[in-house]
Amino acid sequence: MDALTFDNFGFTYPKMPHSVLDHIGWHIPEGSFALLGGATGIGKTTLLRCAHPILAPSGTMAGHIKVFGEDIASPDQKWDAHRCAQTIAYVSQSPETQIVCDTVWHELAFGLENLGIPQEAIRRRVAEIAHFFGIESWFHRTTDELSGGQKQLLNLASVLVMQPRILVLDEPTAQLDPVASKNFLHALFRINRELGIVVVVATHEPYEMRAYATDEYVLQPSGIERVEIHRQVDSQFAPVAYASTNPHVHPLTGHSTAHPDASSFSTDRSNLTEEHADSSASASPLSATSSSKTNTLSCKNVWFRYDRSLPWVLKGFDLSIEQGTCHAIVGGNGCGKSTLLQLFAGTLKSERGHVCNAAHDCQAFLPQNPKTLFLSDTVSEELHAWQKDAGYSDDDVEQWMQRLAIQDIKDQHPYDTSGGQQQKIALAKLLLTQPSLLLLDEPTKGLDAPTRRQLAQVLTTCRNNGMTIVLATHDLAFAELIATQVTMVFDGEATATEPPATFFADSIFFRPSAAEREALNGCK
Amino acid sequence: MNNSGTTIFDSWHPFVPLAFFASVIVLSMAVFQPVFIAISFIGALASSIAIRGWKTTVKSLRWQLPLIVLIVLFNPLFSSLGSTVLFTVGPFTMYAESLVYGICMGVMLVSMLLWFVTASSVLSSSKVMALFGKRIPVLSLMMSMIARLTPLYVRRGREISTVDSACTASGRKKASVVAQAAKRSTVLMSWSMEDSLETSDAMRARGFGASHTRTSYARYRFRLRDGIVSVVLLVLVVCCAFLAWTAASQYRFYPTMPMLRIWWGYIPYIVLVLIPTFLSIKEGIRWMR
Amino acid sequence: MAASNTTAKSWARILCKLEVPLLIVVPLTLALCVYFNVAQAALLSLVVVIAALVVCAAGFETSRPALRQIMPIVVLAALAIAGRLLFAAIPDVQPVTAICIIAGIVFGRRSGFMVGALAALVSNMFLGQGPWTPWQMYAWGLAGYLGGVLYQYGAFKRSWTIYVWGFVLSFLYGFILDSFYVVGYVNPLTWQGALAAYGAGAAFNIGHAISTSLFLALIYAPWKRKLERIRRKYGEY
């Protein structure tokens, strides 16, 4: 029997002229691990939420959705919350917002308490699930002190404790760093294979998950399409790929012989710079100075820690960043990338050593979460917020909205827009102030490939106009695409600073996989 | 908010420490007689040292002692009453009785503060919720949610301030502290509120409101031993209350104070307030070997 | 199930009716303690204020609140506490009173009361519990409750009335907290003593009142607009 069946399913939001989904026929058999791909805004989330009787958005449904043969789309079939929670579970993108209680053990018990399950049974089920996920060591911790990866694992565990038969996840790893993301996927794999729970994942990064999935589907305007899973073995350890470390290799084309992806990638990169070459010459007053080699930022022997009782985050960190370059700072989780950005921005002060920032009075900072910048009730108001003080014109606002393709949503509330759109609104708000230094903290977190590519284009244009850009990121493919210099931070030091081509050529582990590159470059 | 540290009351059901601290606090508030106040203070100090350690206790005394001095001086200055004049300064006359009264008041307040901090280091929020979770499931859940959100909001509030002050290109002049705080708090508020919509989705998906009665998962069991200890504690408290009432009703500060005498009736109260200290010493001996 | 449901409902009704009398009884007790010079004033007034809080809490609990009532209270209370912690360095500046008033206005008097009471209770888990906890719960709860009541009767049609109200209410808050000390712990109570005790708190109260009305002036309009949007969104459930 199929676990989940969409039968000629369609959905229309209230007061909308057109349906979001139409003629969806999708069968997910028992025991499967199904991936659902598709462009952003095509309706993946709507489709998955419709399968959950409690979370189904309000609107009109056509056709049928069957959960283990039982139709839940018909209005007379009302599942109560009790039955729903024990059949189908839902995990969404943000690790932070799904956590309800203050301690890990209470969070695990929360769902069972809701269902009115007796004390002894709760005890047992919580124990079992904590054991399955290896939560014992942080069972008594407060939820706030967990890492992002642990939070998302906790979210998974606390829906599974109710023993559902289907697990639906919407972009579950979008907010996680690469290591936590792999860890989470492995947990999903175990749930599917060891417990036999059906797993349905909507994602715009399917290449990460292909190794675990049994089926892959793509949602398109015409309907659901099944695709063959290519379980490509990543060339991560292929000896030919990056054997040569010749420093004289041309940074953009040098790898075309070594790596099949590199050629297409390189042309992409040059396209990126040429595309906006004309626009760069025309407008900005900053462009004239771009050739001189002055340092915007420099730090020498910087030491920093958050408290006297805490370990050093930076231990003798040296770096200088030239004006008009795009400098990517990469490194593992908690290596001090974000701290470094704050030291550059001057919001943290080094304990020893000196940070010199020539653009101190004309900088902008894009935080990890764009919501940090949102104050107004519409997108257009948001973009006009700093107009009086920064002195830009209405035309500038129009122009940036067009360049970032957000003019269609200018009357919407910023919170009613998608994650990618929010990131673009925040970026537009900052770029309108014409900063000479732009600091970006994980600018591509949770974004799909087309948005990332669009971001890369905009940032490259800005750099060509003389803006200095510093970004801290886990997204190596993105760094490779836009950066002129890459610095790896490890153990409080800058271990290597090189142009991206040389940097990634010299790295054995620390480089974007072929699939990641392909995903970023393979779309328009 | 002590969630990880162990205390001497760990092996008992949280009702036992709650009953103990509640009755000690009520007794120290109600009984206004010098000897009882002194006993309570010594007990509070000893318990605080036993449970929270020397360093923390001394640290909290650092701001509590000036408080005593303030109260000690305040009372006789403004509520001058009594028969034994100590001295007169301008319009103020200092009487011995009201000075003693002030000292008692100050010592009582400080011992109450000490009992409170000691109690809250023993009764972590999860223990308190385990006690009341069954009676008030919704409110105890709400308290848990607030305790979960507060550190998150503090973190976000700092993040918003950081980003706001890092964006110097926006060319804003330095606003007043309150104006800046108001703007940043608005950002924080709408962010938090919009997030709460997602949280409530997650709660509904996990069956919130599904059942008429919410159960409450508590990790503590009320065993026979807890019952016996509670009964013993109750007897002791009633005994102390009766003796204290007898003592306090015979005692007057004004106009003259009677002499205090050695009396067996103080012994039960001494035993009561020193219970945490006894337990701690017992534990100390066990781990010395 | 049905039977327990109806008893819960009738309980909720009874408790709801008890709410107002008990909120009034608290200051009345303080006054009577002063008038009759009650020896156990501290304990008696504490018992009364705790009783009032318990009844209000029970009224809320038995009304079986829905998520759209619970979530705003939780978020606003947590915001108030976060504000209190973030501004802990400046003794008089804290947004709690302002947030309670806004909560009462936008989400009704009951929610306003719960925001104030929970904010006081949970924030003292971080800052230290003491005999003042129930009084803070009562005073901030009252701020939220009265905000809701007055808004219902259309007292805040002009915005300056809110700033004035914030000013007055901050003093009321200070008065309640000073009174519990004066009534319970100054004995015998003379007018000089009382005056000195209130005078000692006056500097703090003035700072608190000014910062509250300043806060209200700055955040009332944007918060109300944003909160009403959220209320609408919760209404769609």
# chains A, B, ... in the order shown; residues from 1 in each chain; ligands from 1
call {"tool": "residues_around", "arguments": {"residues": "Val199 (chain A)", "least_positions_apart": "5", "cutoff": "8 Å", "atoms": "only C-alpha atoms", "output": "NGL selection string"}}
result
:A and (31-34 or 166-169 or 188 or 192)
call {"tool": "interface_residues", "arguments": {"of": "chain C", "to": "chain A", "cutoff": "9 Å", "atoms": "only C-alpha atoms", "output": "list in words"}}
result
Pro222, Arg225, Lys226, Glu236 and Tyr237 of chain C
call {"tool": "write_last_selection", "arguments": {"atoms": "N, CA and C atoms", "output": "compact mmCIF listing (two decimals), in the first residue's frame"}}
result
# COMPACT_ATOMS: atom_id res chain seq x y z
N PRO C 222 4.10 51.96 16.93
CA PRO C 222 4.57 50.85 16.11
C PRO C 222 4.24 49.48 16.70
N ARG C 225 0.53 48.63 16.10
CA ARG C 225 0.28 48.27 14.70
C ARG C 225 0.78 46.85 14.42
N LYS C 226 1.99 46.56 14.87
CA LYS C 226 2.57 45.25 14.60
C LYS C 226 1.84 44.15 15.36
N GLU C 236 -6.63 33.84 12.25
CA GLU C 236 -6.91 33.00 11.08
C GLU C 236 -6.87 31.52 11.42
N TYR C 237 -6.41 31.19 12.60
CA TYR C 237 -6.37 29.77 12.98
C TYR C 237 -7.76 29.19 13.06
call {"tool": "residues_around", "arguments": {"residues": "region 467-478 of chain A", "least_positions_apart": "2", "cutoff": "8 Å", "atoms": "only C-alpha atoms", "output": "PyMOL selection string"}}
result
chain A and resi 177-178+286+296+322-332+337-338+341+435-444+452+456+459+462-465+480-482+511-513+516-517+520
call {"tool": "select_by_dssp", "arguments": {"residues": "region 51-286 of chain B", "states": "strand (DSSP E or B)", "output": "count of residues only"}}
result
9
call {"tool": "interface_residues", "arguments": {"of": "chain C", "to": "chain B", "cutoff": "6 Å", "atoms": "only C-alpha atoms", "output": "MDAnalysis selection string"}}
result
chainID C and resid 74 78 82 130 190 192:193 219
call {"tool": "residues_around", "arguments": {"residues": "Gly227 (chain B)", "least_positions_apart": "3", "cutoff": "12 Å", "atoms": "only C-alpha atoms", "output": "list in words"}}
result
Trp12, His13, Pro14, Phe15, Val16, Ala19, Arg221, Phe222, Arg223, Leu224, Ser230, Val231, Val232, Leu233 and Leu234 of chain B
call {"tool": "write_last_selection", "arguments": {"atoms": "C-alpha atoms", "output": "PDB file, in the first residue's frame"}}
result
ATOM      1  CA  TRP B  12      14.099  13.678  47.810  1.00  0.00           C
ATOM      2  CA  HIS B  13      10.949  14.546  45.959  1.00  0.00           C
ATOM      3  CA  PRO B  14      10.892  18.337  45.359  1.00  0.00           C
ATOM      4  CA  PHE B  15       7.927  18.617  47.721  1.00  0.00           C
ATOM      5  CA  VAL B  16      10.228  18.056  50.692  1.00  0.00           C
ATOM      6  CA  ALA B  19       7.771  22.380  52.310  1.00  0.00           C
ATOM      7  CA  ARG B 221       8.601  10.109  42.258  1.00  0.00           C
ATOM      8  CA  PHE B 222       6.982  10.632  45.636  1.00  0.00           C
ATOM      9  CA  ARG B 223       8.104   7.646  47.674  1.00  0.00           C
ATOM     10  CA  LEU B 224       7.196   6.437  51.130  1.00  0.00           C
ATOM     11  CA  SER B 230       7.135  15.298  55.195  1.00  0.00           C
ATOM     12  CA  VAL B 231       5.090  14.179  58.185  1.00  0.00           C
ATOM     13  CA  VAL B 232       8.056  14.535  60.534  1.00  0.00           C
ATOM     14  CA  LEU B 233       8.747  17.955  59.067  1.00  0.00           C
ATOM     15  CA  LEU B 234       5.117  18.960  59.550  1.00  0.00           C
TER      16      LEU B 234
END
call {"tool": "residues_around", "arguments": {"residues": "region 53-58 of chain B", "least_positions_apart": "4", "cutoff": "12 Å", "atoms": "only C-alpha atoms", "output": "PyMOL selection string"}}
result
chain B and resi 7+44-49+62-65+110-111+113-115+117-118+121+277+280
call {"tool": "closest_residue", "arguments": {"among": "B:Pro34, B:Pro258, B:Gly133, B:Gly207", "to": "chain A", "atoms": "only C-alpha atoms"}}
result
B:Gly207
call {"tool": "interface_residues", "arguments": {"of": "chain A", "to": "chain B", "cutoff": "7 Å", "atoms": "only C-alpha atoms", "output": "VMD selection string"}}
result
chain A and resid 54 to 55 81 to 82 85 90 97 to 98 100 to 102 109 111 113 to 119 122 143 to 144 159 345 347 361 to 365 367 371 to 372 374 to 375 386 389 to 390 433 to 435
call {"tool": "write_last_selection", "arguments": {"atoms": "N, CA and C atoms", "output": "short mmCIF file (atom, residue, chain, number, x, y, z; two decimals), in the first residue's frame"}}
result
data_model
loop_
_atom_site.label_atom_id
_atom_site.label_comp_id
_atom_site.auth_asym_id
_atom_site.auth_seq_id
_atom_site.Cartn_x
_atom_site.Cartn_y
_atom_site.Cartn_z
N ILE A 54 -3.49 18.99 10.26
CA ILE A 54 -3.49 20.12 11.20
C ILE A 54 -2.85 21.35 10.56
N LEU A 55 -1.80 21.12 9.77
CA LEU A 55 -1.05 22.25 9.24
C LEU A 55 -1.53 22.70 7.88
N ALA A 81 -6.34 16.06 16.32
CA ALA A 81 -4.91 16.31 16.52
C ALA A 81 -4.21 15.06 17.04
N HIS A 82 -4.94 14.29 17.82
CA HIS A 82 -4.41 13.09 18.43
C HIS A 82 -3.94 12.11 17.36
N ALA A 85 -1.09 13.49 15.04
CA ALA A 85 0.27 13.49 15.59
C ALA A 85 0.87 12.10 15.57
N TYR A 90 5.81 16.53 11.18
CA TYR A 90 6.29 17.59 10.30
C TYR A 90 7.45 18.32 10.96
N THR A 97 12.74 28.03 15.90
CA THR A 97 11.34 28.33 16.19
C THR A 97 10.51 27.11 16.55
N GLN A 98 11.02 25.91 16.31
CA GLN A 98 10.18 24.75 16.61
C GLN A 98 10.32 24.28 18.04
N VAL A 100 9.88 24.42 21.91
CA VAL A 100 8.85 25.03 22.74
C VAL A 100 9.32 25.20 24.19
N CYS A 101 9.98 24.18 24.74
CA CYS A 101 10.25 24.19 26.18
C CYS A 101 11.69 24.56 26.50
N ASP A 102 11.95 24.75 27.78
CA ASP A 102 13.27 25.27 28.16
C ASP A 102 14.32 24.20 28.36
N ALA A 109 9.24 15.46 25.99
CA ALA A 109 7.98 14.99 26.57
C ALA A 109 6.78 15.81 26.11
N GLY A 111 5.14 16.68 23.35
CA GLY A 111 4.10 16.11 22.50
C GLY A 111 3.28 15.05 23.23
N GLU A 113 2.82 14.81 26.45
CA GLU A 113 1.98 15.47 27.46
C GLU A 113 0.70 15.99 26.81
N ASN A 114 0.85 16.54 25.60
CA ASN A 114 -0.32 17.06 24.89
C ASN A 114 -1.35 15.97 24.65
N LEU A 115 -0.84 14.77 24.34
CA LEU A 115 -1.77 13.69 24.02
C LEU A 115 -2.36 13.06 25.26
N GLY A 116 -1.94 13.51 26.42
CA GLY A 116 -2.49 12.98 27.66
C GLY A 116 -2.01 11.58 27.98
N ILE A 117 -0.81 11.25 27.55
CA ILE A 117 -0.25 9.92 27.80
C ILE A 117 0.20 9.82 29.25
N PRO A 118 -0.10 8.70 29.91
CA PRO A 118 0.27 8.61 31.33
C PRO A 118 1.78 8.68 31.56
N GLN A 119 2.09 9.15 32.74
CA GLN A 119 3.47 9.38 33.20
C GLN A 119 4.45 8.24 32.87
N ILE A 122 5.19 7.92 29.19
CA ILE A 122 6.05 9.02 28.73
C ILE A 122 7.49 8.72 29.08
N THR A 143 17.54 24.10 26.32
CA THR A 143 17.49 24.03 24.85
C THR A 143 18.24 25.19 24.22
N ASP A 144 18.32 26.31 24.93
CA ASP A 144 18.94 27.48 24.33
C ASP A 144 20.44 27.31 24.12
N VAL A 159 9.37 14.96 17.52
CA VAL A 159 8.17 14.52 16.78
C VAL A 159 8.14 13.00 16.68
N ALA A 345 34.11 45.14 12.13
CA ALA A 345 33.07 46.18 12.18
C ALA A 345 33.29 47.13 13.35
N THR A 347 32.41 46.42 16.45
CA THR A 347 31.43 46.22 17.52
C THR A 347 32.02 45.35 18.63
N ASP A 361 33.59 54.51 9.04
CA ASP A 361 32.39 55.34 9.07
C ASP A 361 31.49 55.13 7.87
N CYS A 362 31.87 54.19 7.02
CA CYS A 362 31.04 53.96 5.84
C CYS A 362 30.99 52.47 5.55
N GLN A 363 30.47 51.72 6.50
CA GLN A 363 30.41 50.28 6.33
C GLN A 363 28.98 49.80 6.54
N ALA A 364 28.73 48.57 6.09
CA ALA A 364 27.42 47.96 6.32
C ALA A 364 27.64 46.51 6.69
N PHE A 365 26.73 45.98 7.49
CA PHE A 365 26.89 44.62 8.01
C PHE A 365 25.63 43.83 7.73
N PRO A 367 23.74 40.64 8.65
CA PRO A 367 23.80 39.56 9.63
C PRO A 367 23.30 38.24 9.03
N LYS A 371 16.21 39.21 9.29
CA LYS A 371 15.17 39.80 10.14
C LYS A 371 15.74 40.80 11.15
N THR A 372 17.03 40.67 11.42
CA THR A 372 17.70 41.61 12.33
C THR A 372 17.56 43.06 11.85
N PHE A 374 14.86 44.31 9.95
CA PHE A 374 13.51 44.70 9.53
C PHE A 374 12.76 45.49 10.59
N LEU A 375 12.37 46.70 10.21
CA LEU A 375 11.66 47.56 11.16
C LEU A 375 10.31 47.98 10.62
N TRP A 386 16.33 54.42 5.69
CA TRP A 386 17.53 55.18 5.98
C TRP A 386 17.74 56.32 4.99
N ASP A 389 18.84 59.92 6.35
CA ASP A 389 20.18 60.02 6.91
C ASP A 389 21.27 59.69 5.91
N ALA A 390 21.01 58.69 5.06
CA ALA A 390 22.05 58.25 4.13
C ALA A 390 22.01 59.06 2.84
N THR A 433 22.83 52.41 1.01
CA THR A 433 23.61 53.39 1.77
C THR A 433 25.01 53.57 1.18
N GLN A 434 25.29 52.86 0.07
CA GLN A 434 26.59 52.95 -0.61
C GLN A 434 27.78 52.81 0.33
N PRO A 435 27.87 51.69 1.00
CA PRO A 435 29.00 51.50 1.91
C PRO A 435 30.28 51.26 1.13
#
call {"tool": "closest_residue", "arguments": {"among": "A:Met209, A:Cys335, A:Ala359, A:Met488", "to": "Ala515 (chain A)", "atoms": "only C-alpha atoms"}}
result
A:Met209
call {"tool": "atom_distance", "arguments": {"atom1": "CA of Phe60 (chain C)", "atom2": "CA of Arg13 (chain C)"}}
result
10.5 Å
call {"tool": "residues_around", "arguments": {"residues": "Cys240 (chain B)", "least_positions_apart": "3", "cutoff": "8 Å", "atoms": "only C-alpha atoms", "output": "mmCIF file with C-alpha atoms, in the first residue's frame"}}
result
data_model
loop_
_atom_site.group_PDB
_atom_site.id
_atom_site.type_symbol
_atom_site.label_atom_id
_atom_site.label_comp_id
_atom_site.auth_asym_id
_atom_site.auth_seq_id
_atom_site.Cartn_x
_atom_site.Cartn_y
_atom_site.Cartn_z
ATOM 1 C CA LEU B 236 8.344 19.802 63.803
ATOM 2 C CA VAL B 237 7.011 22.926 62.095
ATOM 3 C CA LEU B 243 6.492 27.593 70.749
ATOM 4 C CA ALA B 244 7.288 30.670 68.678
ATOM 5 C CA PRO B 268 13.035 22.554 68.030
ATOM 6 C CA TYR B 269 13.507 25.704 65.974
#
call {"tool": "closest_residue", "arguments": {"among": "C:Ile206, C:Ala155, C:Val38, C:Met114", "to": "Phe175 (chain C)", "atoms": "only C-alpha atoms"}}
result
C:Ile206
